[in-house]
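The file target.cif comes next; it holds mmCIF, C-alpha atoms.
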```cif
data_upload
loop_
_atom_site.group_PDB
_atom_site.id
_atom_site.type_symbol
_atom_site.label_atom_id
_atom_site.label_comp_id
_atom_site.auth_asym_id
_atom_site.auth_seq_id
_atom_site.Cartn_x
_atom_site.Cartn_y
_atom_site.Cartn_z
ATOM 1 C CA MET F 69 -5.937 -20.023 -7.912
ATOM 2 C CA LYS F 70 -3.615 -19.357 -5.025
ATOM 3 C CA SER F 71 -3.520 -21.983 -2.325
ATOM 4 C CA THR F 72 -3.464 -21.058 1.341
ATOM 5 C CA PRO F 73 -0.278 -22.214 3.080
ATOM 6 C CA PRO F 74 -0.949 -25.157 5.396
ATOM 7 C CA PRO F 75 -0.940 -24.446 9.133
ATOM 8 C CA SER F 76 2.431 -24.910 10.795
ATOM 9 C CA PRO F 77 2.783 -27.601 13.486
ATOM 10 C CA ALA F 78 2.613 -24.849 16.100
ATOM 11 C CA MET F 79 -0.874 -23.988 14.894
ATOM 12 C CA ASP F 80 -2.362 -27.427 14.176
ATOM 13 C CA GLY F 81 -6.074 -27.507 14.794
ATOM 14 C CA ALA F 82 -6.708 -23.950 13.591
ATOM 15 C CA ALA F 83 -9.903 -23.727 11.599
ATOM 16 C CA GLN F 84 -10.203 -22.026 8.256
ATOM 17 C CA ASP F 85 -11.700 -18.542 7.724
ATOM 18 C CA GLY F 86 -14.100 -17.698 10.489
ATOM 19 C CA ALA F 87 -12.298 -19.818 13.037
ATOM 20 C CA GLY F 88 -13.061 -17.175 15.642
ATOM 21 C CA GLU F 89 -16.687 -18.200 15.470
ATOM 22 C CA HIS F 90 -15.884 -21.671 16.804
ATOM 23 C CA ALA F 91 -12.738 -22.223 18.854
ATOM 24 C CA GLY F 92 -12.009 -18.526 19.366
ATOM 25 C CA ILE F 93 -9.181 -16.994 17.393
ATOM 26 C CA LEU F 94 -7.607 -15.332 20.434
ATOM 27 C CA ALA F 95 -7.616 -18.606 22.355
ATOM 28 C CA GLN F 96 -5.890 -20.308 19.423
ATOM 29 C CA ILE F 97 -3.190 -17.652 19.337
ATOM 30 C CA ARG F 98 -2.696 -17.753 23.107
ATOM 31 C CA ALA F 99 -2.440 -21.549 23.162
ATOM 32 C CA ALA F 100 0.046 -21.741 20.309
ATOM 33 C CA ARG F 101 2.207 -18.800 21.394
ATOM 34 C CA PRO F 102 4.919 -20.819 23.223
ATOM 35 C CA ALA F 103 5.753 -22.707 20.038
ATOM 36 C CA TYR F 104 5.905 -19.657 17.733
ATOM 37 C CA VAL F 105 9.133 -18.545 16.120
ATOM 38 C CA ARG F 106 10.316 -15.088 17.166
ATOM 39 C CA GLY F 107 8.551 -13.087 14.436
ATOM 40 C CA ASP F 108 5.216 -14.827 14.940
ATOM 41 C CA ARG F 109 5.542 -14.470 18.703
ATOM 42 C CA ARG F 110 5.937 -10.717 18.354
ATOM 43 C CA VAL F 111 2.791 -10.527 16.241
ATOM 44 C CA ALA F 112 0.921 -12.741 18.692
ATOM 45 C CA ASP F 113 1.960 -10.572 21.628
ATOM 46 C CA ALA F 114 0.817 -7.415 19.841
ATOM 47 C CA VAL F 115 -2.563 -8.981 19.042
ATOM 48 C CA LEU F 116 -3.127 -10.369 22.532
ATOM 49 C CA ALA F 117 -2.049 -7.116 24.229
ATOM 50 C CA ASP F 118 -4.995 -5.187 22.785
ATOM 51 C CA PRO F 119 -7.144 -7.213 20.381
ATOM 52 C CA GLU F 120 -9.823 -4.526 20.149
ATOM 53 C CA ALA F 121 -7.252 -2.004 18.910
ATOM 54 C CA VAL F 122 -6.067 -4.491 16.268
ATOM 55 C CA ILE F 123 -9.505 -4.308 14.648
ATOM 56 C CA HIS F 124 -8.791 -0.714 13.667
ATOM 57 C CA LEU F 125 -5.176 -1.117 12.505
ATOM 58 C CA THR F 126 -3.730 -1.645 9.057
ATOM 59 C CA VAL F 127 -1.311 -4.477 8.445
ATOM 60 C CA SER F 128 1.512 -1.906 8.450
ATOM 61 C CA ASP F 129 0.372 -0.528 11.813
ATOM 62 C CA LEU F 130 0.412 -3.959 13.437
ATOM 63 C CA ALA F 131 3.766 -4.785 11.874
ATOM 64 C CA GLU F 132 5.239 -1.613 13.334
ATOM 65 C CA GLU F 133 3.814 -2.333 16.779
ATOM 66 C CA ALA F 134 5.190 -5.868 16.630
ATOM 67 C CA GLY F 135 8.583 -4.711 15.361
ATOM 68 C CA THR F 136 8.373 -6.916 12.305
ATOM 69 C CA ALA F 137 7.490 -6.791 8.605
ATOM 70 C CA ALA F 138 3.994 -6.615 7.115
ATOM 71 C CA SER F 139 4.712 -9.854 5.252
ATOM 72 C CA THR F 140 5.334 -11.559 8.608
ATOM 73 C CA VAL F 141 1.915 -10.434 9.825
ATOM 74 C CA VAL F 142 0.250 -11.781 6.690
ATOM 75 C CA ARG F 143 2.024 -15.144 6.983
ATOM 76 C CA PHE F 144 1.066 -15.303 10.669
ATOM 77 C CA CYS F 145 -2.595 -14.940 9.676
ATOM 78 C CA GLN F 146 -2.299 -17.524 6.914
ATOM 79 C CA ARG F 147 -0.735 -20.051 9.298
ATOM 80 C CA LEU F 148 -3.833 -19.605 11.441
ATOM 81 C CA GLY F 149 -5.843 -20.818 8.461
ATOM 82 C CA LEU F 150 -7.029 -17.317 7.559
ATOM 83 C CA ARG F 151 -6.690 -15.692 4.180
ATOM 84 C CA GLY F 152 -4.958 -12.622 5.512
ATOM 85 C CA PHE F 153 -4.969 -9.774 8.008
ATOM 86 C CA HIS F 154 -8.478 -8.600 7.129
ATOM 87 C CA ALA F 155 -9.835 -12.052 7.957
ATOM 88 C CA LEU F 156 -8.037 -11.907 11.309
ATOM 89 C CA LYS F 157 -9.694 -8.581 12.110
ATOM 90 C CA LEU F 158 -13.096 -9.999 11.220
ATOM 91 C CA ALA F 159 -12.515 -13.036 13.424
ATOM 92 C CA ILE F 160 -11.451 -10.852 16.365
ATOM 93 C CA ALA F 161 -14.431 -8.542 15.859
ATOM 94 C CA ARG F 162 -16.826 -11.490 15.893
ATOM 95 C CA GLU F 163 -15.214 -12.887 19.006
ATOM 96 C CA LEU F 164 -15.234 -9.619 20.936
ATOM 97 C CA GLY F 165 -18.600 -8.370 19.772
ATOM 98 C CA GLY F 166 -20.574 -11.540 19.259
ATOM 99 C CA GLY F 167 -23.480 -11.260 16.837
ATOM 100 C CA ASN F 168 -23.442 -7.468 17.007
ATOM 101 C CA ALA F 169 -19.832 -7.044 15.898
ATOM 102 C CA LEU F 170 -20.848 -5.679 12.516
ATOM 103 C CA ILE F 171 -23.504 -3.301 13.866
ATOM 104 C CA GLU F 172 -22.939 0.362 14.585
ATOM 105 C CA SER F 173 -21.767 0.571 18.188
ATOM 106 C CA ARG F 174 -24.310 3.207 19.200
ATOM 107 C CA VAL F 175 -27.269 1.268 17.855
ATOM 108 C CA GLU F 176 -29.144 -0.805 20.402
ATOM 109 C CA ALA F 177 -31.187 -3.935 19.828
ATOM 110 C CA GLY F 178 -34.517 -2.203 20.554
ATOM 111 C CA ASP F 179 -33.956 0.832 18.314
ATOM 112 C CA ARG F 180 -36.654 1.641 15.762
ATOM 113 C CA PRO F 181 -35.529 2.302 12.172
ATOM 114 C CA ILE F 182 -35.979 6.042 12.713
ATOM 115 C CA ASP F 183 -33.677 5.843 15.750
ATOM 116 C CA VAL F 184 -31.099 3.937 13.712
ATOM 117 C CA LEU F 185 -31.297 6.608 11.013
ATOM 118 C CA GLY F 186 -30.644 9.386 13.502
ATOM 119 C CA LYS F 187 -27.640 7.615 15.000
ATOM 120 C CA ILE F 188 -26.157 6.819 11.607
ATOM 121 C CA ILE F 189 -26.553 10.450 10.504
ATOM 122 C CA THR F 190 -24.766 11.559 13.677
ATOM 123 C CA SER F 191 -21.965 9.062 13.028
ATOM 124 C CA ASP F 192 -21.579 10.203 9.428
ATOM 125 C CA ALA F 193 -21.530 13.861 10.457
ATOM 126 C CA GLU F 194 -18.735 13.132 12.926
ATOM 127 C CA ALA F 195 -16.758 11.373 10.196
ATOM 128 C CA LEU F 196 -17.076 14.431 7.959
ATOM 129 C CA ARG F 197 -15.964 16.764 10.728
ATOM 130 C CA ASP F 198 -12.941 14.533 11.355
ATOM 131 C CA ILE F 199 -11.660 15.086 7.806
ATOM 132 C CA GLY F 200 -10.403 18.514 8.820
ATOM 133 C CA SER F 201 -8.043 16.977 11.349
ATOM 134 C CA THR F 202 -6.735 14.189 9.116
ATOM 135 C CA ILE F 203 -6.154 16.012 5.827
ATOM 136 C CA ASP F 204 -2.777 17.663 5.298
ATOM 137 C CA ALA F 205 -3.379 20.987 3.505
ATOM 138 C CA GLU F 206 -0.080 20.816 1.610
ATOM 139 C CA GLN F 207 -0.791 17.288 0.433
ATOM 140 C CA LEU F 208 -4.221 18.398 -0.761
ATOM 141 C CA ASP F 209 -2.681 21.297 -2.709
ATOM 142 C CA THR F 210 -0.155 18.900 -4.236
ATOM 143 C CA ALA F 211 -2.912 16.507 -5.287
ATOM 144 C CA VAL F 212 -4.876 19.271 -7.011
ATOM 145 C CA ASP F 213 -1.712 20.489 -8.778
ATOM 146 C CA ALA F 214 -0.882 16.981 -9.991
ATOM 147 C CA LEU F 215 -4.391 16.353 -11.330
ATOM 148 C CA HIS F 216 -4.506 19.792 -12.964
ATOM 149 C CA ARG F 217 -1.198 19.229 -14.795
ATOM 150 C CA ALA F 218 -1.846 15.609 -15.802
ATOM 151 C CA GLU F 219 -2.400 14.770 -19.449
ATOM 152 C CA ARG F 220 -4.194 11.577 -18.414
ATOM 153 C CA ILE F 221 -5.711 10.640 -15.072
ATOM 154 C CA LEU F 222 -6.216 7.019 -14.042
ATOM 155 C CA LEU F 223 -8.548 6.217 -11.144
ATOM 156 C CA VAL F 224 -8.161 2.830 -9.473
ATOM 157 C CA GLY F 225 -10.167 1.096 -6.765
ATOM 158 C CA VAL F 226 -11.829 -2.262 -6.193
ATOM 159 C CA GLY F 227 -14.749 -3.488 -4.129
ATOM 160 C CA THR F 228 -16.775 -0.679 -2.592
ATOM 161 C CA SER F 229 -14.095 1.848 -3.579
ATOM 162 C CA ALA F 230 -14.610 1.114 -7.276
ATOM 163 C CA PRO F 231 -17.874 3.117 -7.637
ATOM 164 C CA LEU F 232 -16.180 6.130 -6.038
ATOM 165 C CA ALA F 233 -13.279 5.953 -8.500
ATOM 166 C CA GLN F 234 -15.611 5.513 -11.469
ATOM 167 C CA ASP F 235 -17.871 8.366 -10.395
ATOM 168 C CA PHE F 236 -14.898 10.702 -9.976
ATOM 169 C CA ALA F 237 -13.499 9.751 -13.394
ATOM 170 C CA TYR F 238 -16.852 10.571 -14.992
ATOM 171 C CA ARG F 239 -17.045 13.917 -13.199
ATOM 172 C CA LEU F 240 -13.543 14.797 -14.385
ATOM 173 C CA LEU F 241 -14.605 14.012 -17.950
ATOM 174 C CA THR F 242 -17.470 16.477 -17.635
ATOM 175 C CA ILE F 243 -14.976 19.315 -17.087
ATOM 176 C CA GLY F 244 -12.729 18.312 -19.957
ATOM 177 C CA LEU F 245 -10.076 16.223 -18.232
ATOM 178 C CA HIS F 246 -8.921 12.928 -19.747
ATOM 179 C CA ALA F 247 -9.823 10.489 -16.964
ATOM 180 C CA ASP F 248 -10.542 6.780 -16.896
ATOM 181 C CA ALA F 249 -11.504 4.242 -14.223
ATOM 182 C CA PRO F 250 -11.437 0.690 -15.628
ATOM 183 C CA ALA F 251 -13.755 -1.661 -13.774
ATOM 184 C CA ASP F 252 -11.487 -4.700 -14.050
ATOM 185 C CA ALA F 253 -8.535 -4.885 -11.639
ATOM 186 C CA HIS F 254 -6.251 -6.405 -14.274
ATOM 187 C CA VAL F 255 -7.098 -3.619 -16.720
ATOM 188 C CA GLN F 256 -6.334 -1.087 -13.981
ATOM 189 C CA HIS F 257 -2.887 -2.643 -13.550
ATOM 190 C CA VAL F 258 -2.180 -2.594 -17.288
ATOM 191 C CA ALA F 259 -3.445 0.985 -17.631
ATOM 192 C CA ALA F 260 -1.216 2.071 -14.742
ATOM 193 C CA ARG F 261 1.843 0.513 -16.393
ATOM 194 C CA LEU F 262 1.051 2.437 -19.603
ATOM 195 C CA LEU F 263 1.037 5.818 -17.879
ATOM 196 C CA GLY F 264 3.969 8.209 -18.128
ATOM 197 C CA PRO F 265 5.624 11.052 -16.188
ATOM 198 C CA SER F 266 3.041 13.535 -17.476
ATOM 199 C CA ASP F 267 0.115 11.485 -16.118
ATOM 200 C CA ALA F 268 -1.437 10.885 -12.708
ATOM 201 C CA CYS F 269 -2.925 7.916 -10.880
ATOM 202 C CA LEU F 270 -5.341 8.353 -7.970
ATOM 203 C CA ALA F 271 -6.151 5.247 -5.939
ATOM 204 C CA VAL F 272 -9.119 4.990 -3.566
ATOM 205 C CA SER F 273 -8.897 2.410 -0.778
ATOM 206 C CA HIS F 274 -10.333 2.531 2.740
ATOM 207 C CA THR F 275 -7.701 0.255 4.288
ATOM 208 C CA GLY F 276 -4.897 0.920 1.825
ATOM 209 C CA SER F 277 -4.146 -2.797 1.990
ATOM 210 C CA THR F 278 -5.989 -4.149 -1.057
ATOM 211 C CA ARG F 279 -3.520 -6.124 -3.138
ATOM 212 C CA GLU F 280 -4.913 -5.161 -6.570
ATOM 213 C CA THR F 281 -5.021 -1.445 -5.776
ATOM 214 C CA VAL F 282 -1.493 -1.440 -4.355
ATOM 215 C CA SER F 283 -0.209 -3.313 -7.436
ATOM 216 C CA ALA F 284 -1.709 -0.713 -9.771
ATOM 217 C CA MET F 285 -0.219 2.107 -7.692
ATOM 218 C CA GLU F 286 3.200 0.441 -7.711
ATOM 219 C CA ALA F 287 2.976 0.176 -11.499
ATOM 220 C CA ALA F 288 2.100 3.869 -11.848
ATOM 221 C CA HIS F 289 4.883 4.833 -9.453
ATOM 222 C CA GLY F 290 7.319 2.711 -11.432
ATOM 223 C CA VAL F 291 6.707 4.706 -14.628
ATOM 224 C CA ARG F 292 7.035 8.006 -12.701
ATOM 225 C CA ALA F 293 3.411 9.061 -12.971
ATOM 226 C CA ALA F 294 2.165 11.255 -10.116
ATOM 227 C CA THR F 295 0.596 8.920 -7.557
ATOM 228 C CA ILE F 296 -2.128 9.984 -5.117
ATOM 229 C CA ALA F 297 -3.655 7.775 -2.417
ATOM 230 C CA LEU F 298 -7.066 8.488 -0.891
ATOM 231 C CA THR F 299 -7.446 6.298 2.177
ATOM 232 C CA SER F 300 -8.557 6.216 5.803
ATOM 233 C CA PHE F 301 -5.200 5.214 7.287
ATOM 234 C CA ALA F 302 -1.925 7.128 7.124
ATOM 235 C CA ARG F 303 0.254 4.005 7.232
ATOM 236 C CA SER F 304 -0.473 1.187 4.814
ATOM 237 C CA PRO F 305 1.071 -0.594 1.824
ATOM 238 C CA LEU F 306 -0.716 1.896 -0.454
ATOM 239 C CA THR F 307 0.596 5.030 1.229
ATOM 240 C CA SER F 308 4.137 3.673 1.144
ATOM 241 C CA VAL F 309 4.167 3.861 -2.673
ATOM 242 C CA ALA F 310 2.167 7.096 -3.116
ATOM 243 C CA ASP F 311 3.749 10.496 -3.727
ATOM 244 C CA THR F 312 0.755 12.244 -2.163
ATOM 245 C CA VAL F 313 -1.429 10.884 0.642
ATOM 246 C CA LEU F 314 -4.921 12.125 1.470
ATOM 247 C CA VAL F 315 -6.193 10.636 4.726
ATOM 248 C CA ALA F 316 -9.944 11.188 4.969
ATOM 249 C CA GLY F 317 -11.079 9.779 8.288
ATOM 250 C CA SER F 318 -9.373 7.158 10.377
ATOM 251 C CA ARG F 319 -10.816 4.211 12.251
ATOM 252 C CA GLU F 320 -14.479 3.424 11.824
ATOM 253 C CA THR F 321 -16.879 4.150 14.667
ATOM 254 C CA SER F 322 -17.279 0.382 14.747
ATOM 255 C CA PHE F 323 -15.960 -2.506 12.707
ATOM 256 C CA ARG F 324 -18.639 -2.886 10.091
ATOM 257 C CA ILE F 325 -17.491 -4.409 6.811
ATOM 258 C CA GLU F 326 -16.726 -1.518 4.435
ATOM 259 C CA ALA F 327 -18.685 0.896 6.639
ATOM 260 C CA MET F 328 -20.413 3.707 4.783
ATOM 261 C CA THR F 329 -18.833 6.388 6.974
ATOM 262 C CA SER F 330 -15.475 5.975 5.224
ATOM 263 C CA ARG F 331 -17.090 6.143 1.787
ATOM 264 C CA ILE F 332 -18.965 9.321 2.681
ATOM 265 C CA ALA F 333 -15.715 10.894 3.862
ATOM 266 C CA HIS F 334 -13.963 9.846 0.662
ATOM 267 C CA LEU F 335 -16.806 11.182 -1.494
ATOM 268 C CA SER F 336 -16.563 14.543 0.250
ATOM 269 C CA LEU F 337 -12.834 14.760 -0.391
ATOM 270 C CA LEU F 338 -13.276 13.776 -4.039
ATOM 271 C CA ASP F 339 -15.899 16.502 -4.321
ATOM 272 C CA ALA F 340 -13.411 19.009 -2.899
ATOM 273 C CA LEU F 341 -10.828 17.890 -5.473
ATOM 274 C CA PHE F 342 -13.395 18.271 -8.252
ATOM 275 C CA VAL F 343 -14.447 21.788 -7.240
ATOM 276 C CA SER F 344 -10.812 22.841 -6.797
ATOM 277 C CA LEU F 345 -10.055 21.647 -10.334
ATOM 278 C CA VAL F 346 -13.034 23.589 -11.694
ATOM 279 C CA LEU F 347 -11.629 26.712 -10.028
ATOM 280 C CA ARG F 348 -8.227 26.069 -11.633
ATOM 281 C CA ARG F 349 -9.655 25.865 -15.167
ATOM 282 C CA PRO F 350 -12.947 27.815 -15.213
ATOM 283 C CA ALA F 351 -13.165 28.450 -18.975
ATOM 284 C CA ALA F 352 -12.346 24.870 -20.019
ATOM 285 C CA ALA F 353 -14.592 23.443 -17.310
ATOM 286 C CA SER F 354 -17.495 25.659 -18.356
ATOM 287 C CA ALA F 355 -17.157 24.723 -22.034
ATOM 288 C CA ALA F 356 -16.950 20.988 -21.265
ATOM 289 C CA SER F 357 -19.888 21.204 -18.840
ATOM 290 C CA GLU F 358 -21.995 22.852 -21.539
ATOM 291 C CA VAL F 359 -21.235 20.010 -23.945
ATOM 292 C CA THR F 360 -22.008 17.477 -21.208
ATOM 293 C CA GLY F 361 -25.313 19.142 -20.462
ATOM 294 C CA GLY F 362 -26.273 19.036 -24.124
ATOM 295 C CA VAL F 363 -25.490 15.342 -24.411
ATOM 296 C CA LEU F 364 -27.425 14.486 -21.255
ATOM 297 C CA ALA F 365 -30.407 16.487 -22.515
ATOM 298 C CA GLU F 366 -30.638 14.079 -25.458
ATOM 299 C CA HIS F 367 -31.311 11.235 -23.028
ATOM 300 C CA ARG F 368 -34.173 12.886 -21.171
ATOM 301 C CA PHE F 369 -37.837 13.104 -22.072
#
```

Go ahead and render the structure in this file as structure tokens.
Amino acid sequence: MKSTPPPSPAMDGAAQDGAGEHAGILAQIRAARPAYVRGDRRVADAVLADPEAVIHLTVSDLAEEAGTAASTVVRFCQRLGLRGFHALKLAIARELGGGNALIESRVEAGDRPIDVLGKIITSDAEALRDIGSTIDAEQLDTAVDALHRAERILLVGVGTSAPLAQDFAYRLLTIGLHADAPADAHVQHVAARLLGPSDACLAVSHTGSTRETVSAMEAAHGVRAATIALTSFARSPLTSVADTVLVAGSRETSFRIEAMTSRIAHLSLLDALFVSLVLRRPAAASAASEVTGGVLAEHRF
């Protein structure tokens, strides 16, 4: 088990994860700023300049704004006693939004469940409409071409992205494509390393900053497999190692943990990829779908 680096003298007194709930993470950063080394000071200045904006950034975005490396941002967070950048965003969100930080911003305390439903539907519809402005048509064409040509397709994703990857792999199987989505992150990494130039790897990650997903993508890239990233942010560790980047959505309407809006956007894009592949191989897809239908019929009463 990895140990968290101890706080530096400049940050003594910082609490562990969730420190923002007690002393206030922004106050800690502000108080310790004079003693920071140059790299940490740049990160601190970027955070303090617009903490609300930081909630919606990737680690690469903040690093660029601070004029430093992503690794410097991560170490800055760890010296605060946090596990990483995501924990910093959570702490800031709690501090700025109080108890409602993880609630949809348009929802009010007195809303009835039916009101909440209506507002969430509106939010999701907006996220779907936004896909048109974030997807690059050429990148989408390239992704479909790569999946169509691939002898094997590996889908990777962890956490709430894992079900999306597994569902897409199953749907690809039903049209005769050789696709797999291992549930275990270590197996994903091994499977990625065993790919070849004639294969493809598609990674699903909302933030594009999940260590396990990036490691699998790096492995696939290293063996010259076609690499495709489906994410919500154009700049992230994942997109830096992907040949093709599909950005479905951007910042969440509010900072809910793994908000459903991003998953709905990603599902819609995966559906578009699926239908496009069916159109590329109608005869093979029809034959495989017929076999699939026959098998499924055996499991129904």

*What is the distance between CA of Leu196 (chain F) and CA of Ala230 (chain F), in Å to one decimal?*
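Distance between the two atoms: 20.4 Å.
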
*Translate the PyMOL selection byres ((chain F and resi 249) around 7), as applied to the file shown, into an explicit residue set as a list of chain:residue names.*
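This file, filtered by the PyMOL selection byres ((chain F and resi 249) around 7), leaves F:Leu222, F:Leu223, F:Val224, F:Ala233, F:Gln234, F:Ala237, F:Asp248, F:Pro250, F:Ala251.
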
Listed atoms of region 290-309 of chain F boxed along x, y and z, 3 Å each side, centre and edge lengths in Å, one decimal, as AutoDock Vina command-line options:
```
--center_x -0.6 --center_y 5.3 --center_z -3.7 --size_x 21.9 --size_y 17.8 --size_z 27.9
```

*Using all atoms listed in the file, which of the listed residues (F:Arg98, F:His257, F:Arg303, F:Lys157) sits closest to Ser277 (chain F)?*
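Nearest candidate to Ser277 (chain F) out of F:Arg98, F:His257, F:Arg303, F:Lys157: F:Arg303.
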
*asked:* For region 242-244 of chain F, find every residue with an atom within 6 Å (counting all atoms listed in the file), except residues of its own chain fewer than 3 positions away, and show them as a PyMOL selection string.
replied: chain F and resi 239+353+356-357+360

*Using the chain letters and numbers from the file, which residues does the PyMOL selection byres ((chain F and resi 142) around 10) grab, as number ranges by chain?*
F: 111, 127, 131, 137-141, 143-147, 150-154, 156

*For the file shown, report as number ranges by chain the outcome of the PyMOL selection byres ((chain F and resi 343) around 12) at residue level.*
F: 212, 216, 236, 239-240, 243, 336-342, 344-350, 353

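Straight-line separation from CA of Glu219 (chain F) to CA of Asp267 (chain F): 5.3 Å.
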
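For the pair CA of Arg292 (chain F) and CA of Gly264 (chain F), the separation is 6.2 Å.
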
Pick out the residues sitting within 12 Å of Ser229 (chain F), and hand them over as a PDB file with C-alpha atoms, keeping the file's coordinate frame; count all atoms listed in the file, and ignore anything fewer than 5 positions along from it in its own chain.
```pdb
ATOM      1  CA  LEU F 223      -8.548   6.217 -11.144  1.00  0.00           C
ATOM      2  CA  VAL F 224      -8.161   2.830  -9.473  1.00  0.00           C
ATOM      3  CA  GLN F 234     -15.611   5.513 -11.469  1.00  0.00           C
ATOM      4  CA  ASP F 235     -17.871   8.366 -10.395  1.00  0.00           C
ATOM      5  CA  PHE F 236     -14.898  10.702  -9.976  1.00  0.00           C
ATOM      6  CA  ALA F 249     -11.504   4.242 -14.223  1.00  0.00           C
ATOM      7  CA  ALA F 251     -13.755  -1.661 -13.774  1.00  0.00           C
ATOM      8  CA  ALA F 253      -8.535  -4.885 -11.639  1.00  0.00           C
ATOM      9  CA  LEU F 270      -5.341   8.353  -7.970  1.00  0.00           C
ATOM     10  CA  ALA F 271      -6.151   5.247  -5.939  1.00  0.00           C
ATOM     11  CA  VAL F 272      -9.119   4.990  -3.566  1.00  0.00           C
ATOM     12  CA  SER F 273      -8.897   2.410  -0.778  1.00  0.00           C
ATOM     13  CA  HIS F 274     -10.333   2.531   2.740  1.00  0.00           C
ATOM     14  CA  THR F 275      -7.701   0.255   4.288  1.00  0.00           C
ATOM     15  CA  GLY F 276      -4.897   0.920   1.825  1.00  0.00           C
ATOM     16  CA  THR F 278      -5.989  -4.149  -1.057  1.00  0.00           C
ATOM     17  CA  GLU F 280      -4.913  -5.161  -6.570  1.00  0.00           C
ATOM     18  CA  THR F 281      -5.021  -1.445  -5.776  1.00  0.00           C
ATOM     19  CA  LEU F 298      -7.066   8.488  -0.891  1.00  0.00           C
ATOM     20  CA  THR F 299      -7.446   6.298   2.177  1.00  0.00           C
ATOM     21  CA  SER F 300      -8.557   6.216   5.803  1.00  0.00           C
ATOM     22  CA  GLU F 326     -16.726  -1.518   4.435  1.00  0.00           C
ATOM     23  CA  ALA F 327     -18.685   0.896   6.639  1.00  0.00           C
ATOM     24  CA  MET F 328     -20.413   3.707   4.783  1.00  0.00           C
ATOM     25  CA  SER F 330     -15.475   5.975   5.224  1.00  0.00           C
ATOM     26  CA  ARG F 331     -17.090   6.143   1.787  1.00  0.00           C
ATOM     27  CA  ILE F 332     -18.965   9.321   2.681  1.00  0.00           C
ATOM     28  CA  ALA F 333     -15.715  10.894   3.862  1.00  0.00           C
ATOM     29  CA  HIS F 334     -13.963   9.846   0.662  1.00  0.00           C
ATOM     30  CA  LEU F 335     -16.806  11.182  -1.494  1.00  0.00           C
ATOM     31  CA  LEU F 338     -13.276  13.776  -4.039  1.00  0.00           C
TER      32      LEU F 338
END
```

*Considering all atoms listed in the file, return as number ranges by chain whatever protein or nucleic-acid residues lie within 12 Å of Asp118 (chain F), sequence-local ones (same chain, fewer than 3 positions apart) excluded.*
F: 94, 111-115, 121-125, 130, 133-134, 160, 164
